[in-house]
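Peer 1: Below are the structure tokens for one structure; questions will follow.
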Amino acid sequence: MKLLRTLLRQVHKPAASAGHRRRLSSGGGCGPLPLRGEAPVVGSSRELVRRLGSQVEVRAGFITEDEEAALLGELEPGLKKKRYEFDHWDDAIHGYRETERASWGAACEEILSRVRSAAFPEGSPLLGPVHILDLDKTGYIKPHIDSVKFCGSTIAGLSLLSDSVMRLVKEDAASEWLDLLLPRRSLYILRDRARYNFTHEILKDEGSVFNGQRVPRQRRISVICRNIPG
Ligand code: OGA
Ligand code: MN
């Protein structure tokens with residue numbers, strides 16, 4: 001899967017750790033500010049949460065347990081044939097295996113069409129196959145921005161098997177950040193500035209904390225839809 005690895009993502013070294021340090025001490029955050037639904041988003045300032053609010057969405061409980069099981073039923077046989085990759089330190093992702101899938105059974109197709117209508121404007125051309133990323137319990141995604149050459153303005157992902165924390169950090173101002181709690185079976189959507197001007201990452205288990213609360217990371221599979229550049 002070298003293709004996905006090299007095409008989709010550009011790794012970004014954190015600009016400075018100031019933002020992170022401030023976040024870890026108690027003063028930086030603005031407390032939980034619910035956007036839509038139950039899953040909250042916290043950030044470096046109330047203003048940033050408000051400003052980026054329309055471009056970041058987390059919908060808790062977007063799929064049911066049965067739907068999660070249906071997706072896993074289709075994905076597990078193929079994933080199990082692959083080995084997790086731990087060695088590529090230059091990659092955006094550590095401890096993962098990935099695949100893509102273009103055709104699905106009826107139950108999964110129905111789920112994906114719900115994802116598409118929630119995330120993308122009608123008729124917006126999508127990247128053909130859906131991208132599947134399987135993170136080992138020890139795996140994590142480093143800060144990166146999805147390739148602007150191959151991916152359009154919107155990224156939408158379902159999280160299976162585990163809760164996790166996605167962190168967005170402004171590319172040119174590390175003190176501006178947003179943490180998203182991604183509960184198991186939720187859908188997240190990143191659009192526009194949140195997608196282009198902020199790196200995104202999935203925290204490793206040791207550092208997986210949302211608003212001061214530990215969010216244990218298990219193995220996590222994400223099912224990601226993207227549109228193509230306009
Ligand atoms: C990616 C990515 C996020 C996720 O593959 O580029 O950022 O939810 N994935 O797995
Ligand atoms: Mn990405």
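Starting from 1 in every chain, residues are counted up; chains themselves are A, B, ... following the order of the structure tokens, and ligands are numbered from 1 as listed.
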Just the residues within 9 Å of Arg217 of chain A, please, counting only C-alpha atoms, with nothing from its chain fewer than 3 positions along; format it as a list in words.
Peer 2: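 Near neighbours after the sequence-gap exclusion: Lys137, Thr138, Ser162, Asp163, Ser164, Val165, Leu203, Lys204, Asp205, Glu206, Ser208 and Arg220 of chain A.
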Peer 1: How would you write, as a PyMOL selection string, the set of residues no farther than 6 Å from ligand 1 when counting only C-alpha atoms and all ligand atoms?
Peer 2: chain A and resi 9+133+146+157+222
Peer 1: Let's have the selection written as a short mmCIF file (atom, residue, chain, number, x, y, z; two decimals), in the first residue's frame, with N, CA and C atoms.
Peer 2:
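Below is the file result-v7.cif, written as the result:
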data_model
loop_
_atom_site.label_atom_id
_atom_site.label_comp_id
_atom_site.auth_asym_id
_atom_site.auth_seq_id
_atom_site.Cartn_x
_atom_site.Cartn_y
_atom_site.Cartn_z
N ARG A 9 -0.67 11.77 1.94
CA ARG A 9 -0.35 12.60 3.10
C ARG A 9 1.00 13.27 2.98
N LEU A 133 -8.19 2.38 7.11
CA LEU A 133 -6.94 2.45 7.86
C LEU A 133 -7.13 1.73 9.19
N ASP A 146 -3.55 16.12 4.43
CA ASP A 146 -3.76 15.24 3.28
C ASP A 146 -3.37 15.99 2.00
N GLY A 157 -14.72 10.58 8.06
CA GLY A 157 -14.27 9.28 8.53
C GLY A 157 -15.14 8.68 9.62
N SER A 222 -10.50 3.03 10.70
CA SER A 222 -11.28 4.15 10.16
C SER A 222 -11.63 3.88 8.71
#
Peer 1: So that I can see what lies close to Arg101 of chain A, please list as a PDB file with N, CA, C and O atoms, in the first residue's frame the residues with an atom at most 6 Å from it, counting only C-alpha atoms and leaving out residues fewer than 2 positions away in the same chain.
Peer 2:
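Dumped to result.pdb:
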ATOM      1  N   SER A 103     -16.078  -1.622  -3.955  1.00  0.00           N
ATOM      2  CA  SER A 103     -17.455  -2.143  -3.985  1.00  0.00           C
ATOM      3  C   SER A 103     -17.784  -2.864  -2.690  1.00  0.00           C
ATOM      4  O   SER A 103     -16.949  -3.551  -2.092  1.00  0.00           O
ATOM      5  N   PRO A 129     -12.321   4.787  -4.599  1.00  0.00           N
ATOM      6  CA  PRO A 129     -12.411   3.809  -3.518  1.00  0.00           C
ATOM      7  C   PRO A 129     -12.406   4.471  -2.143  1.00  0.00           C
ATOM      8  O   PRO A 129     -11.841   5.542  -1.969  1.00  0.00           O
ATOM      9  N   VAL A 130     -13.045   3.809  -1.200  1.00  0.00           N
ATOM     10  CA  VAL A 130     -13.022   4.252   0.189  1.00  0.00           C
ATOM     11  C   VAL A 130     -11.716   3.752   0.803  1.00  0.00           C
ATOM     12  O   VAL A 130     -11.244   2.659   0.499  1.00  0.00           O
TER      13      VAL A 130
END
Peer 1: Write out as a compact mmCIF listing (two decimals) with N, CA, C and O atoms, in the first residue's frame all residues of segment 25-127 of chain A that DSSP puts in alpha helix (DSSP H) for this structure's backbone.
Peer 2:
# COMPACT_ATOMS: atom_id res chain seq x y z
N ARG A 46 -11.95 29.97 22.79
CA ARG A 46 -13.36 29.92 22.46
C ARG A 46 -13.58 30.42 21.03
O ARG A 46 -14.37 29.89 20.27
N GLU A 47 -12.84 31.48 20.71
CA GLU A 47 -12.93 32.10 19.40
C GLU A 47 -12.59 31.10 18.29
O GLU A 47 -13.29 31.01 17.28
N LEU A 48 -11.53 30.32 18.48
CA LEU A 48 -11.14 29.35 17.45
C LEU A 48 -12.20 28.25 17.31
O LEU A 48 -12.55 27.85 16.20
N VAL A 49 -12.71 27.79 18.45
CA VAL A 49 -13.76 26.75 18.40
C VAL A 49 -14.96 27.29 17.62
O VAL A 49 -15.54 26.61 16.78
N ARG A 50 -15.28 28.56 17.87
CA ARG A 50 -16.43 29.16 17.18
C ARG A 50 -16.13 29.31 15.68
O ARG A 50 -16.91 28.96 14.82
N ARG A 51 -14.94 29.81 15.40
CA ARG A 51 -14.57 30.12 14.01
C ARG A 51 -14.48 28.85 13.16
O ARG A 51 -14.87 28.82 12.01
N LEU A 52 -13.93 27.81 13.77
CA LEU A 52 -13.73 26.58 12.99
C LEU A 52 -14.92 25.62 13.10
O LEU A 52 -14.96 24.60 12.43
N GLU A 65 -24.33 -0.54 16.40
CA GLU A 65 -23.44 -1.68 16.63
C GLU A 65 -23.54 -2.69 15.49
O GLU A 65 -22.54 -3.26 15.06
N ASP A 66 -24.75 -2.93 15.01
CA ASP A 66 -24.93 -3.88 13.90
C ASP A 66 -24.24 -3.39 12.63
O ASP A 66 -23.65 -4.17 11.89
N GLU A 67 -24.32 -2.09 12.39
CA GLU A 67 -23.66 -1.55 11.20
C GLU A 67 -22.14 -1.63 11.33
O GLU A 67 -21.43 -1.93 10.36
N GLU A 68 -21.64 -1.37 12.53
CA GLU A 68 -20.20 -1.52 12.76
C GLU A 68 -19.79 -2.97 12.47
O GLU A 68 -18.78 -3.22 11.80
N ALA A 69 -20.61 -3.92 12.95
CA ALA A 69 -20.30 -5.34 12.74
C ALA A 69 -20.33 -5.68 11.24
O ALA A 69 -19.50 -6.46 10.76
N ALA A 70 -21.26 -5.07 10.51
CA ALA A 70 -21.33 -5.33 9.07
C ALA A 70 -20.08 -4.83 8.36
O ALA A 70 -19.50 -5.52 7.50
N LEU A 71 -19.63 -3.64 8.73
CA LEU A 71 -18.40 -3.11 8.12
C LEU A 71 -17.20 -3.99 8.46
O LEU A 71 -16.40 -4.35 7.60
N LEU A 72 -17.11 -4.37 9.74
CA LEU A 72 -15.97 -5.21 10.15
C LEU A 72 -16.01 -6.55 9.43
O LEU A 72 -14.97 -7.08 9.03
N GLY A 73 -17.21 -7.09 9.25
CA GLY A 73 -17.35 -8.37 8.55
C GLY A 73 -16.80 -8.31 7.13
O GLY A 73 -16.20 -9.26 6.65
N GLU A 74 -16.99 -7.17 6.48
CA GLU A 74 -16.45 -7.04 5.12
C GLU A 74 -14.96 -6.74 5.12
O GLU A 74 -14.25 -7.11 4.20
N LEU A 75 -14.48 -6.04 6.15
CA LEU A 75 -13.11 -5.55 6.11
C LEU A 75 -12.08 -6.51 6.72
O LEU A 75 -10.95 -6.61 6.24
N GLU A 76 -12.48 -7.21 7.78
CA GLU A 76 -11.51 -8.01 8.53
C GLU A 76 -10.79 -9.07 7.68
O GLU A 76 -9.56 -9.20 7.80
N PRO A 77 -11.50 -9.83 6.83
CA PRO A 77 -10.79 -10.89 6.11
C PRO A 77 -9.62 -10.34 5.29
O PRO A 77 -8.52 -10.92 5.32
N GLY A 78 -9.81 -9.23 4.62
CA GLY A 78 -8.73 -8.64 3.81
C GLY A 78 -7.63 -8.05 4.69
O GLY A 78 -6.44 -8.22 4.41
N LEU A 79 -8.01 -7.36 5.76
CA LEU A 79 -7.01 -6.73 6.62
C LEU A 79 -6.12 -7.77 7.29
O LEU A 79 -4.92 -7.59 7.44
N LYS A 80 -6.76 -8.88 7.71
CA LYS A 80 -6.00 -9.91 8.45
C LYS A 80 -4.87 -10.51 7.63
O LYS A 80 -3.93 -11.08 8.17
N ALA A 106 -24.68 -4.69 0.23
CA ALA A 106 -25.80 -3.73 0.32
C ALA A 106 -25.81 -2.98 1.66
O ALA A 106 -25.99 -1.76 1.70
N ALA A 107 -25.61 -3.69 2.77
CA ALA A 107 -25.69 -3.05 4.09
C ALA A 107 -24.62 -1.96 4.22
O ALA A 107 -24.90 -0.85 4.69
N CYS A 108 -23.41 -2.28 3.79
CA CYS A 108 -22.31 -1.31 3.91
C CYS A 108 -22.50 -0.17 2.91
O CYS A 108 -22.19 0.99 3.23
N GLU A 109 -22.98 -0.48 1.75
CA GLU A 109 -23.23 0.57 0.75
C GLU A 109 -24.22 1.60 1.29
O GLU A 109 -24.05 2.80 1.10
N GLU A 110 -25.21 1.10 2.02
CA GLU A 110 -26.21 2.01 2.60
C GLU A 110 -25.55 2.94 3.62
O GLU A 110 -25.81 4.15 3.65
N ILE A 111 -24.66 2.38 4.44
CA ILE A 111 -23.94 3.20 5.44
C ILE A 111 -23.11 4.27 4.73
O ILE A 111 -23.13 5.45 5.09
N LEU A 112 -22.40 3.84 3.68
CA LEU A 112 -21.52 4.78 3.00
C LEU A 112 -22.30 5.87 2.28
O LEU A 112 -21.85 7.01 2.21
N SER A 113 -23.47 5.52 1.78
CA SER A 113 -24.21 6.58 1.11
C SER A 113 -24.74 7.59 2.14
O SER A 113 -24.85 8.78 1.86
N ARG A 114 -24.99 7.13 3.37
CA ARG A 114 -25.33 8.07 4.44
C ARG A 114 -24.16 8.98 4.78
O ARG A 114 -24.32 10.18 5.03
N VAL A 115 -22.97 8.40 4.80
CA VAL A 115 -21.76 9.21 5.07
C VAL A 115 -21.62 10.27 3.97
O VAL A 115 -21.40 11.45 4.25
N ARG A 116 -21.78 9.83 2.74
CA ARG A 116 -21.59 10.76 1.62
C ARG A 116 -22.60 11.88 1.67
O ARG A 116 -22.27 13.05 1.46
N SER A 117 -23.86 11.55 1.96
CA SER A 117 -24.82 12.66 1.95
C SER A 117 -24.67 13.56 3.17
O SER A 117 -24.99 14.74 3.10
N ALA A 118 -24.11 13.03 4.26
CA ALA A 118 -23.86 13.89 5.42
C ALA A 118 -22.69 14.84 5.17
O ALA A 118 -22.67 15.97 5.65
N ALA A 119 -21.70 14.37 4.40
CA ALA A 119 -20.43 15.10 4.34
C ALA A 119 -20.22 15.94 3.09
O ALA A 119 -19.59 17.00 3.16
Peer 1: Counting only C-alpha atoms and all ligand atoms, what residues are within 10 Å of ligand 2, given as an MDAnalysis selection string?
Peer 2: chainID A and resid 8:11 92:93 141:147 151 155:157 190 195 199:202 224 226
Peer 1: Go through A:Val169, A:Leu180, A:Ala60, A:Ile132 and flag the residue nearest Val209 of chain A, using only C-alpha atoms for the distances.
Peer 2: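 Among A:Val169, A:Leu180, A:Ala60, A:Ile132, it is A:Leu180 that comes nearest to Val209 of chain A.
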Peer 1: When you draw a straight line from atom CA of Ala173 of chain A to atom CA of Ser44 of chain A, how long is it in Å?
Peer 2: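 Atom CA of Ala173 of chain A sits 11.2 Å away from atom CA of Ser44 of chain A.
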Peer 1: Which is closer to Leu182 of chain A than all the others in A:Ala102, A:Cys225, A:Leu127, A:Val215, using only C-alpha atoms?
Peer 2: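 Counting only C-alpha atoms, the residue closest to Leu182 of chain A is A:Val215.
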Peer 1: When DSSP is applied to the backbone of this structure, which of segment 21-222 of chain A are assigned strand (DSSP E or B)? Write them out as a PyMOL selection string.
Peer 2: chain A and resi 33-34+40-43+56-59+85+93-101+126+130-146+154-160+164-170+173-182+187-191+198-202+209-210+213-214+220-222
Peer 1: Using Å and a single decimal, report how far atom CA of Gly53 of chain A sits from atom CA of Leu135 of chain A.
Peer 2: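 Atom-to-atom, atom CA of Leu135 of chain A to atom CA of Gly53 of chain A, that is 27.0 Å.
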Peer 1: Between A:Ala194, A:Glu171, A:Val41, A:Asp134, which has the minimum distance to Glu100 of chain A (counting only C-alpha atoms)?
Peer 2: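 Selected residue with least distance to Glu100 of chain A: A:Asp134.
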Peer 1: Go ahead and compute the interatomic distance for atom CA of Thr99 of chain A and atom CA of Val223 of chain A, in Å to one decimal.
Peer 2: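 Atom CA of Val223 of chain A lies at a distance of 9.9 Å from atom CA of Thr99 of chain A.
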Peer 1: Between A:Asn211, A:Tyr84, A:Met166, A:Pro183, which is the closest to Phe62 of chain A once you count only C-alpha atoms?
Peer 2: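 Of all the options, A:Pro183 lies closest to Phe62 of chain A.
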Peer 1: Quick one: residues within 8 Å of Gly152 of chain A, only C-alpha atoms, excluding same-chain residues fewer than 4 positions away - as a list in words?
Peer 2: Val148, Arg226, Asn227, Ile228, Pro229 and Gly230 of chain A
Peer 1: Produce a file of the selected residues containing all heavy atoms, as an mmCIF file, in the first residue's frame.
Peer 2:
data_model
loop_
_atom_site.group_PDB
_atom_site.id
_atom_site.type_symbol
_atom_site.label_atom_id
_atom_site.label_comp_id
_atom_site.auth_asym_id
_atom_site.auth_seq_id
_atom_site.Cartn_x
_atom_site.Cartn_y
_atom_site.Cartn_z
ATOM 1 N N VAL A 148 -2.967 17.935 -1.127
ATOM 2 C CA VAL A 148 -3.928 18.823 -1.797
ATOM 3 C C VAL A 148 -4.033 18.474 -3.277
ATOM 4 O O VAL A 148 -4.974 18.874 -3.948
ATOM 5 C CB VAL A 148 -3.547 20.316 -1.626
ATOM 6 C CG1 VAL A 148 -3.619 20.695 -0.159
ATOM 7 C CG2 VAL A 148 -2.173 20.604 -2.194
ATOM 8 N N ARG A 226 -13.189 10.737 0.776
ATOM 9 C CA ARG A 226 -12.638 12.050 0.395
ATOM 10 C C ARG A 226 -13.223 12.453 -0.949
ATOM 11 O O ARG A 226 -13.526 11.584 -1.763
ATOM 12 C CB ARG A 226 -11.110 11.965 0.282
ATOM 13 C CG ARG A 226 -10.379 11.593 1.570
ATOM 14 C CD ARG A 226 -8.887 11.451 1.295
ATOM 15 N NE ARG A 226 -8.078 11.313 2.496
ATOM 16 C CZ ARG A 226 -7.748 10.138 3.034
ATOM 17 N NH1 ARG A 226 -8.152 9.000 2.502
ATOM 18 N NH2 ARG A 226 -6.989 10.088 4.127
ATOM 19 N N ASN A 227 -13.309 13.752 -1.179
ATOM 20 C CA ASN A 227 -13.637 14.171 -2.536
ATOM 21 C C ASN A 227 -12.350 14.493 -3.299
ATOM 22 O O ASN A 227 -11.256 14.462 -2.716
ATOM 23 C CB ASN A 227 -14.654 15.334 -2.546
ATOM 24 C CG ASN A 227 -14.192 16.521 -1.736
ATOM 25 O OD1 ASN A 227 -13.106 16.531 -1.175
ATOM 26 N ND2 ASN A 227 -15.033 17.542 -1.676
ATOM 27 N N ILE A 228 -12.491 14.742 -4.580
ATOM 28 C CA ILE A 228 -11.294 15.054 -5.357
ATOM 29 C C ILE A 228 -11.204 16.571 -5.526
ATOM 30 O O ILE A 228 -12.212 17.274 -5.415
ATOM 31 C CB ILE A 228 -11.283 14.317 -6.728
ATOM 32 C CG1 ILE A 228 -12.516 14.672 -7.553
ATOM 33 C CG2 ILE A 228 -11.198 12.832 -6.546
ATOM 34 C CD1 ILE A 228 -12.501 14.023 -8.921
ATOM 35 N N PRO A 229 -10.007 17.085 -5.754
ATOM 36 C CA PRO A 229 -9.864 18.541 -5.844
ATOM 37 C C PRO A 229 -10.767 19.113 -6.935
ATOM 38 O O PRO A 229 -10.906 18.523 -8.001
ATOM 39 C CB PRO A 229 -8.385 18.718 -6.216
ATOM 40 C CG PRO A 229 -7.722 17.452 -5.781
ATOM 41 C CD PRO A 229 -8.731 16.383 -5.940
ATOM 42 N N GLY A 230 -11.357 20.260 -6.648
ATOM 43 C CA GLY A 230 -12.315 20.874 -7.569
ATOM 44 C C GLY A 230 -11.626 21.575 -8.746
ATOM 45 O O GLY A 230 -10.442 21.694 -8.843
#
Peer 1: Just checking: using only C-alpha atoms, which residue out of A:Leu168, A:Ser45, A:Ser186, A:Ile63 ends up closest to Phe198 of chain A?
Peer 2: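 Checking each of A:Leu168, A:Ser45, A:Ser186, A:Ile63 against Phe198 of chain A, counting only C-alpha atoms, the winner is A:Leu168.
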